[in-house]
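Asks: Quick one: the structure is below, and I'll ask about it shortly.
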Amino acid sequence: MKKVLLFLLAVTCSIHYGQSQVSSVSSDKFLIIGQLTNVPDSTGICLFRENGQLLELVFQDTIFNGTFAFSDTISQTKKFLLISDNKGFPSIWQDVWVAPGKQITVIGNDKLIYIWQVKSDIPQQLEENTFQACASELRKEWVKHNVAEADWLKQMNSKEIASNDSLMKQIWAKVDSVRQFSFPLQRSIYKKEIDYMKTAPIGPVWMNRLVLYAQMSASKFFMPYLDELKELYANMPEAVKQTADAQLVYQYLYPPVVIGVGDEMADGELYDPQGGVHRLSEFKGKYILLDFWSIGCGPCIASLPELEEIAETYKGTLAVISINIDPEKSWKEFVNKRKMGGNQWNELQKANTGLAASYQVKGYPHYVLIAPDGKVQAIWGGYGKGSLLGKMKDYLNKK
């Protein structure tokens, strides 16, 4: 399961350096210099940072004379993601670690940003590079398929394609044909890295990989190596198992009992934007519609007016509970900016843990309808205009 690419644009800086830029870096700054060939000038390059399930745009630059650059003040080592959404680029990123007083050189000979070389003496980057090296040939083969898929998917955004069902089906057929090759390659990369992790020292990149792969283990199709991941966890020193990341790994590898249709609802503590604590049981005796959503999910945002209409139409018999999975700060800012009413709650846990794990949330939006007796009546994912109203009419009229 790939981390979904959800872009919350928050541009804070945009700079450009020419080839003559000196390499001296002050002790409170970092400098990333890109040196590229076979990539056209004027191509946009972006630097993102992770914020929960969101990717926030921090810097952007345009290639000039085969170079790009980013610089800013920094107080500690951090990881950024190097991305370009131009045609011919993959939909995946390159991890770049930065640290105070350090220059990082990025070298690329094509648009395959996923396999560009990142050179520095930052320990985390050196560790990252060893992971990439252990499956380098597979990565080179896989990224070419990813580029083909990414270019097809970008075409779907055009008005001509979006309004033509026949063309849309043709493109999806091409995407599916690419995935017949790319998905097995991707799983092979995961296996290579997991095998490497069995003997590699435990560092921050090692732990980041384990957290990611443990999260992905909810899908056997994408991550069929659950036993190997459990072995990696079991072999960690007890002191490491007490860390927050290791405890998160445990939650992913040993999730709570999964709740399905007909089962008694799972419950837990949820928080409103003011810090108040709530439980689903507050509304037992009514229908409860759970809406698991993320700020960076387009269909989630599109569904908001319809959810408000449902809450008003069925206010006597149904409670709509929106459960956001984003970090606390981003969630509160969004709720306040949109002046969102109703039951806006958040578990304030990592994505796909807690209730999200119990209710089998694997994508967003994700809906769960609970009957007045506390039994789960329906579970489904995805949103299209009118779909929620239609489902409420169907389910609630069966009383």
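Identifiers in the structure tokens: chain A, B, ... in order shown; residue index from 1 per chain; ligand index from 1 in order shown.
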Find the residues near Ala214 of chain A: any atom within 8 Å, counting only C-alpha atoms, skip ones fewer than 4 places away on the same chain, and give them as a VMD selection string.
Replies: chain A and resid 210 218 226 229 249 252 to 253
Asks: Report as a PyMOL selection string all protein, DNA and RNA residues lying within 9 Å of segment 351-364 of chain A, evaluated on only C-alpha atoms, omitting residues in the same chain fewer than 4 positions from it.
Replies: chain A and resi 1+4+52-53+215+218-219+248+251-252+255-260+265-268+291-294+297+299-300+323+325-326+347+368+379+381-383
Asks: List every residue of segment 255-289 of chain A that DSSP, applied to the backbone of this structure, places in strand (DSSP E), and write the result as a ChimeraX atom specification.
Replies: /A:270-271,277-278,287-289
Asks: Could you give me, as a ChimeraX atom specification, the residues within 9 Å of Asp28 of chain A, counting only C-alpha atoms and dropping anything in the same chain fewer than 6 positions from it?
Replies: /A:72-75,99-101
Asks: Please produce an output containing N, CA and C atoms for each residue in the selection, written as a PDB file, in the first residue's frame.
Replies:
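Heads up, here's the output in again16.pdb:
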```pdb
ATOM      1  N   ASP A  72      17.763  26.679   3.211  1.00  0.00           N
ATOM      2  CA  ASP A  72      16.978  27.309   4.262  1.00  0.00           C
ATOM      3  C   ASP A  72      17.687  27.089   5.596  1.00  0.00           C
ATOM      4  N   THR A  73      17.280  27.821   6.605  1.00  0.00           N
ATOM      5  CA  THR A  73      17.815  27.597   7.944  1.00  0.00           C
ATOM      6  C   THR A  73      17.202  26.316   8.515  1.00  0.00           C
ATOM      7  N   ILE A  74      17.955  25.651   9.366  1.00  0.00           N
ATOM      8  CA  ILE A  74      17.500  24.392   9.941  1.00  0.00           C
ATOM      9  C   ILE A  74      18.253  24.155  11.247  1.00  0.00           C
ATOM     10  N   SER A  75      17.606  23.527  12.199  1.00  0.00           N
ATOM     11  CA  SER A  75      18.236  23.314  13.509  1.00  0.00           C
ATOM     12  C   SER A  75      18.538  21.852  13.794  1.00  0.00           C
ATOM     13  N   ALA A  99      20.757  18.484   6.959  1.00  0.00           N
ATOM     14  CA  ALA A  99      21.240  18.737   8.318  1.00  0.00           C
ATOM     15  C   ALA A  99      21.931  20.093   8.345  1.00  0.00           C
ATOM     16  N   PRO A 100      22.033  20.720   9.518  1.00  0.00           N
ATOM     17  CA  PRO A 100      22.676  22.038   9.621  1.00  0.00           C
ATOM     18  C   PRO A 100      24.120  22.003   9.124  1.00  0.00           C
ATOM     19  N   GLY A 101      24.464  22.981   8.302  1.00  0.00           N
ATOM     20  CA  GLY A 101      25.837  23.111   7.814  1.00  0.00           C
ATOM     21  C   GLY A 101      26.211  22.150   6.713  1.00  0.00           C
TER      22      GLY A 101
END
```
Asks: Write out as number ranges by chain the set of residues from segment 38-235 of chain A that DSSP, computed on the backbone, places in alpha helix (DSSP H).
Replies: A: 123-134, 136-155, 159-162, 165-197, 204-216, 226-234
Asks: So how many Å separate atom CA of Phe181 of chain A and atom CA of Val118 of chain A, to one decimal?
Replies: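 Between atom CA of Phe181 of chain A and atom CA of Val118 of chain A the gap is 27.1 Å.
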Asks: For segment 172-180 of chain A, work out the shell of residues within 7 Å, counting only C-alpha atoms and skipping chain neighbours fewer than 5 positions away, then give it as a list in words.
Replies: His145, Glu149 and Trp152 of chain A
Asks: Quick one, how far is atom CA of Ile104 of chain A from atom CA of Tyr196 of chain A?
Replies: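 Separation of atom CA of Ile104 of chain A and atom CA of Tyr196 of chain A: 25.4 Å.
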Asks: State, in Å with one decimal place, the distance from atom CA of Gln349 of chain A to atom CA of Leu369 of chain A.
Replies: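 Going from atom CA of Gln349 of chain A over to atom CA of Leu369 of chain A, I get 21.9 Å.
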Asks: Go through A:Tyr314, A:Phe48, A:Tyr190, A:Phe89 and flag the residue nearest Leu138 of chain A, using only C-alpha atoms for the distances.
Replies: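 The answer is A:Tyr190, which sits nearest to Leu138 of chain A.
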Asks: Write out as a short mmCIF file (atom, residue, chain, number, x, y, z; two decimals) with N, CA, C and O atoms, in the first residue's frame which residues come within 9 Å of segment 316-318 of chain A when counting only C-alpha atoms, dropping same-chain ones fewer than 5 positions away.
Replies:
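To be explicit, this is the file written out as part26.cif:
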```
data_model
loop_
_atom_site.label_atom_id
_atom_site.label_comp_id
_atom_site.auth_asym_id
_atom_site.auth_seq_id
_atom_site.Cartn_x
_atom_site.Cartn_y
_atom_site.Cartn_z
N PHE A 283 -24.22 8.03 21.02
CA PHE A 283 -25.33 8.08 20.07
C PHE A 283 -26.02 6.72 19.89
O PHE A 283 -26.80 6.54 18.96
N GLY A 285 -28.63 4.00 20.01
CA GLY A 285 -30.08 4.20 19.97
C GLY A 285 -30.49 4.96 18.72
O GLY A 285 -31.66 4.99 18.35
N LYS A 286 -29.49 5.58 18.05
CA LYS A 286 -29.68 6.21 16.74
C LYS A 286 -28.84 5.45 15.71
O LYS A 286 -27.93 4.69 16.07
N TYR A 287 -29.10 5.71 14.46
CA TYR A 287 -28.15 5.29 13.43
C TYR A 287 -26.92 6.19 13.56
O TYR A 287 -27.03 7.38 13.89
N ILE A 288 -25.75 5.62 13.32
CA ILE A 288 -24.50 6.38 13.35
C ILE A 288 -23.77 6.18 12.03
O ILE A 288 -23.51 5.04 11.63
N LEU A 289 -23.46 7.27 11.34
CA LEU A 289 -22.68 7.20 10.11
C LEU A 289 -21.28 7.71 10.41
O LEU A 289 -21.09 8.89 10.71
N ILE A 310 -27.17 15.36 4.91
CA ILE A 310 -27.64 14.13 5.56
C ILE A 310 -27.85 14.37 7.06
O ILE A 310 -28.86 13.95 7.64
N ALA A 311 -26.90 15.07 7.69
CA ALA A 311 -27.02 15.34 9.12
C ALA A 311 -28.28 16.14 9.43
O ALA A 311 -28.95 15.90 10.45
N PRO A 372 -29.18 1.36 15.23
CA PRO A 372 -29.49 1.80 16.60
C PRO A 372 -29.16 0.78 17.69
O PRO A 372 -28.92 1.17 18.83
N LEU A 396 -31.85 3.46 5.62
CA LEU A 396 -32.73 3.94 6.68
C LEU A 396 -34.20 3.67 6.40
O LEU A 396 -35.00 3.57 7.35
#
```
Asks: Using only C-alpha atoms, find the one residue out of A:Thr62, A:Gln242, A:Ser303, A:Ser84 that sits nearest to Tyr114 of chain A.
Replies: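 Of A:Thr62, A:Gln242, A:Ser303, A:Ser84, the one nearest Tyr114 of chain A is A:Ser84, counting only C-alpha atoms.
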